[in-house]
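Report on one structure; see the data block that follows.
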Amino acid sequence: MIHSLFLVNSSGDIFLEKHWKSVVSRSVCDYFFEAQERATEPENVPPVIPTPHHYLISVLRHRIYFVAVIQSEVPPLFVIEFLHRVVDTFQDYFGVCTEAAIKDNVVVVYELLEEMLDNGFPLATESNILKELIKPPTILRTMVNTITGSTNVGEQLPTGQLSVVPWRRTGVKYTNNEAYFDVVEEIDVIIDKSGSTITAEIQGVIDACVKLTGMPDLTLSFMNPRLLDDVSFHPCVRFKRWEAERILSFIPPDGNFRLLSYHVSSQNLVAIPVYVKHNITFREGSSQGRFDLTLGPKQTMGKGVEAVLVSSQLPRGVLNANLSASQGTYTFDPVTKMLTWDVGKINPQKLPSLKGSMSLQAGASKPDENPSINIQFKIQQMAISGLKVNRLDMYGEKYKPFKGIKYMTKAGKFQVRT
């Protein structure tokens, strides 16, 4: 299936390559580099690029392109999902998935790729199994390996590999038994000039950190499970139980994992948590423009909107921006024409505003269109879709675990057109 994997950094250099079936020349990546040059933004490179003899399937994570080379037709999402699993594994092992971290742990990287793919087909992709096969690098282990010439590869086969629950190792023991679940939702919105919503959708995930002794069987129920469409589960979830009762029943992996991801696309269910009042004007024949922007919370159920960052790509004709921010700080880059306003936390009693004038090139015509405004923000302890966990129960073990649920909403591509 997958013949080769190339890792390309933001400068366009291939800094790591791995071949399984046969060695594929680096020159195959020229087709990828051509597509990269044509793309206006790094994330706009097509995920599937056909070439005369191969298909190139890629994902962009942490400013690194993971490019898989395929010789025969396979479902592209299958390969994309595997590439994301590779990135998540690197992140789990090294803490971060950066070019420096991969180069520093290049031996472990090759050992992991060898175990994750067997003759081009996915084999062991579960973190628990991989950590039994290949020990995560530590400073002490690295020093011992350097002196003795040994490797991180374990001496025994993973206990979970042959069981009916391959994602969980046997004989797990903890002094403190705890299970934490993070419900994280990302809202993508486009709002037009009049304030009407053009598109609104929510991408949500439930990430879990489960440290429980033995072989616990968990059930997680929701107040309003009908909100969720297009749900993708971790393999541990019993799908028939979900279809029949809308309850998540599963034997969890040990440690951190993504329990499910979901999508809410019905616009009447998507509440817009922030509103923007804007007045951006350019006059014909004038060298001055007006910029007036005010932000405020909306439908946040009393929760604070924090880490607010506003950015806007101003027209090319703008030379400078002389603005006054009632809260936070703003910067304007005269080269890229990017205006950035770091607001921080919104105070509902005193709404933050950014007002002032813009200087335009003398004799320049009025810009064809007004700039759009992009907003980033976070809202703690709130799921914007209204999703709420009802209860979490455990069966199969006699102890009482500590349980915790946390909610967070953040902006994805949140754009206001002016």
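Lettering and numbering for the structure tokens are positional, with chains as A, B, ... in the shown order, residues counted from 1 in each chain, and ligands counted from 1 in the shown order.
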
> Which parts of stretch 105-138 of chain A does DSSP call helix (DSSP H, G or I) when run on the backbone here, written out as a list in words?
Replying inline: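 Matching residues, listed in order: Val106, Val107, Val108, Val109, Tyr110, Glu111, Leu112, Leu113, Glu114, Glu115, Met116, Ser127, Asn128, Ile129, Leu130, Lys131, Glu132 and Leu133 of chain A.
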
> Quick one: residues within 9 Å of A:Arg26, only C-alpha atoms counted, chain neighbours fewer than 4 positions away excluded, as a ChimeraX atom specification?
Replying inline: /A:6,14,17,30

Dump N, CA, C and O atoms for the selected residues as a PDB file, in the first residue's frame?
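Produced file again_25.pdb, reproduced below:
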```pdb
ATOM      1  N   PHE A   6       7.965  10.622   3.000  1.00  0.00           N
ATOM      2  CA  PHE A   6       8.923  11.728   3.016  1.00  0.00           C
ATOM      3  C   PHE A   6       8.425  12.802   3.978  1.00  0.00           C
ATOM      4  O   PHE A   6       7.228  13.126   3.983  1.00  0.00           O
ATOM      5  N   ILE A  14      13.595  17.979   2.185  1.00  0.00           N
ATOM      6  CA  ILE A  14      13.247  16.642   2.693  1.00  0.00           C
ATOM      7  C   ILE A  14      14.275  16.292   3.770  1.00  0.00           C
ATOM      8  O   ILE A  14      15.456  16.105   3.468  1.00  0.00           O
ATOM      9  N   GLU A  17      13.342  10.355   5.218  1.00  0.00           N
ATOM     10  CA  GLU A  17      12.597   9.499   4.295  1.00  0.00           C
ATOM     11  C   GLU A  17      12.651   8.054   4.782  1.00  0.00           C
ATOM     12  O   GLU A  17      13.626   7.624   5.399  1.00  0.00           O
ATOM     13  N   ASP A  30       9.043  16.254  -6.595  1.00  0.00           N
ATOM     14  CA  ASP A  30       9.002  17.468  -7.426  1.00  0.00           C
ATOM     15  C   ASP A  30       7.567  17.856  -7.760  1.00  0.00           C
ATOM     16  O   ASP A  30       7.238  19.049  -7.841  1.00  0.00           O
TER      17      ASP A  30
END
```

> Neighbours of stretch 356-372 of chain A within 9 Å (only C-alpha atoms; same-chain residues fewer than 5 positions away dropped), as number ranges by chain?
Replying inline: A: 280-292, 311-325, 415-418

>> Residues near stretch 380-394 of chain A, anyone? I mean within 9 Å using only C-alpha atoms, not counting same-chain ones fewer than 3 positions away, as a PyMOL selection string.
In response: chain A and resi 183-187+202+204+216-225+227-228+264+269-273+299-301+303-306+397-398+400-401+403+405-410

Hey, can you spit out that residue selection with C-alpha atoms as an mmCIF file, in the first residue's frame?
```
data_model
loop_
_atom_site.group_PDB
_atom_site.id
_atom_site.type_symbol
_atom_site.label_atom_id
_atom_site.label_comp_id
_atom_site.auth_asym_id
_atom_site.auth_seq_id
_atom_site.Cartn_x
_atom_site.Cartn_y
_atom_site.Cartn_z
ATOM 1 C CA VAL A 183 -14.870 18.153 25.426
ATOM 2 C CA VAL A 184 -13.235 20.575 22.973
ATOM 3 C CA GLU A 185 -15.281 22.295 20.246
ATOM 4 C CA GLU A 186 -13.990 24.420 17.395
ATOM 5 C CA ILE A 187 -16.457 26.761 15.700
ATOM 6 C CA ILE A 202 -18.783 22.941 14.858
ATOM 7 C CA GLY A 204 -15.788 18.695 18.271
ATOM 8 C CA PRO A 216 -12.491 -1.447 33.562
ATOM 9 C CA ASP A 217 -15.590 -1.221 31.374
ATOM 10 C CA LEU A 218 -16.880 2.363 31.089
ATOM 11 C CA THR A 219 -20.165 3.869 29.873
ATOM 12 C CA LEU A 220 -20.509 7.556 29.064
ATOM 13 C CA SER A 221 -23.959 9.037 28.464
ATOM 14 C CA PHE A 222 -24.982 12.505 27.228
ATOM 15 C CA MET A 223 -27.893 14.808 28.057
ATOM 16 C CA ASN A 224 -28.526 15.469 24.339
ATOM 17 C CA PRO A 225 -26.710 12.904 22.141
ATOM 18 C CA LEU A 227 -26.884 16.840 18.555
ATOM 19 C CA LEU A 228 -24.024 14.764 17.183
ATOM 20 C CA VAL A 264 -22.502 19.731 14.132
ATOM 21 C CA LEU A 269 -27.945 24.581 16.476
ATOM 22 C CA VAL A 270 -24.771 26.698 16.222
ATOM 23 C CA ALA A 271 -24.742 29.675 18.575
ATOM 24 C CA ILE A 272 -22.367 32.526 17.618
ATOM 25 C CA PRO A 273 -20.484 33.442 20.835
ATOM 26 C CA GLN A 299 -24.813 33.594 23.822
ATOM 27 C CA THR A 300 -21.943 32.556 26.109
ATOM 28 C CA MET A 301 -24.165 31.617 29.097
ATOM 29 C CA LYS A 303 -18.801 32.399 30.521
ATOM 30 C CA GLY A 304 -15.871 34.719 29.793
ATOM 31 C CA VAL A 305 -14.424 35.050 26.286
ATOM 32 C CA GLU A 306 -10.626 35.070 26.591
ATOM 33 C CA GLU A 397 -13.737 -3.280 38.913
ATOM 34 C CA LYS A 398 -14.641 -2.665 42.567
ATOM 35 C CA LYS A 400 -14.253 4.070 42.908
ATOM 36 C CA PRO A 401 -12.272 6.196 40.438
ATOM 37 C CA LYS A 403 -13.804 11.426 37.460
ATOM 38 C CA ILE A 405 -15.150 16.542 32.764
ATOM 39 C CA LYS A 406 -13.886 19.786 31.233
ATOM 40 C CA TYR A 407 -15.429 21.805 28.388
ATOM 41 C CA MET A 408 -13.802 24.313 26.055
ATOM 42 C CA THR A 409 -14.891 26.226 22.954
ATOM 43 C CA LYS A 410 -12.404 27.877 20.621
#
```

>> Residues within 10 Å of stretch 44-47 of chain A, please, as a VMD selection string. Count only C-alpha atoms; anything in the same chain fewer than 4 positions from it doesn't count.
In response: chain A and resid 32 to 40 56 to 60 65 67 76 to 77 80
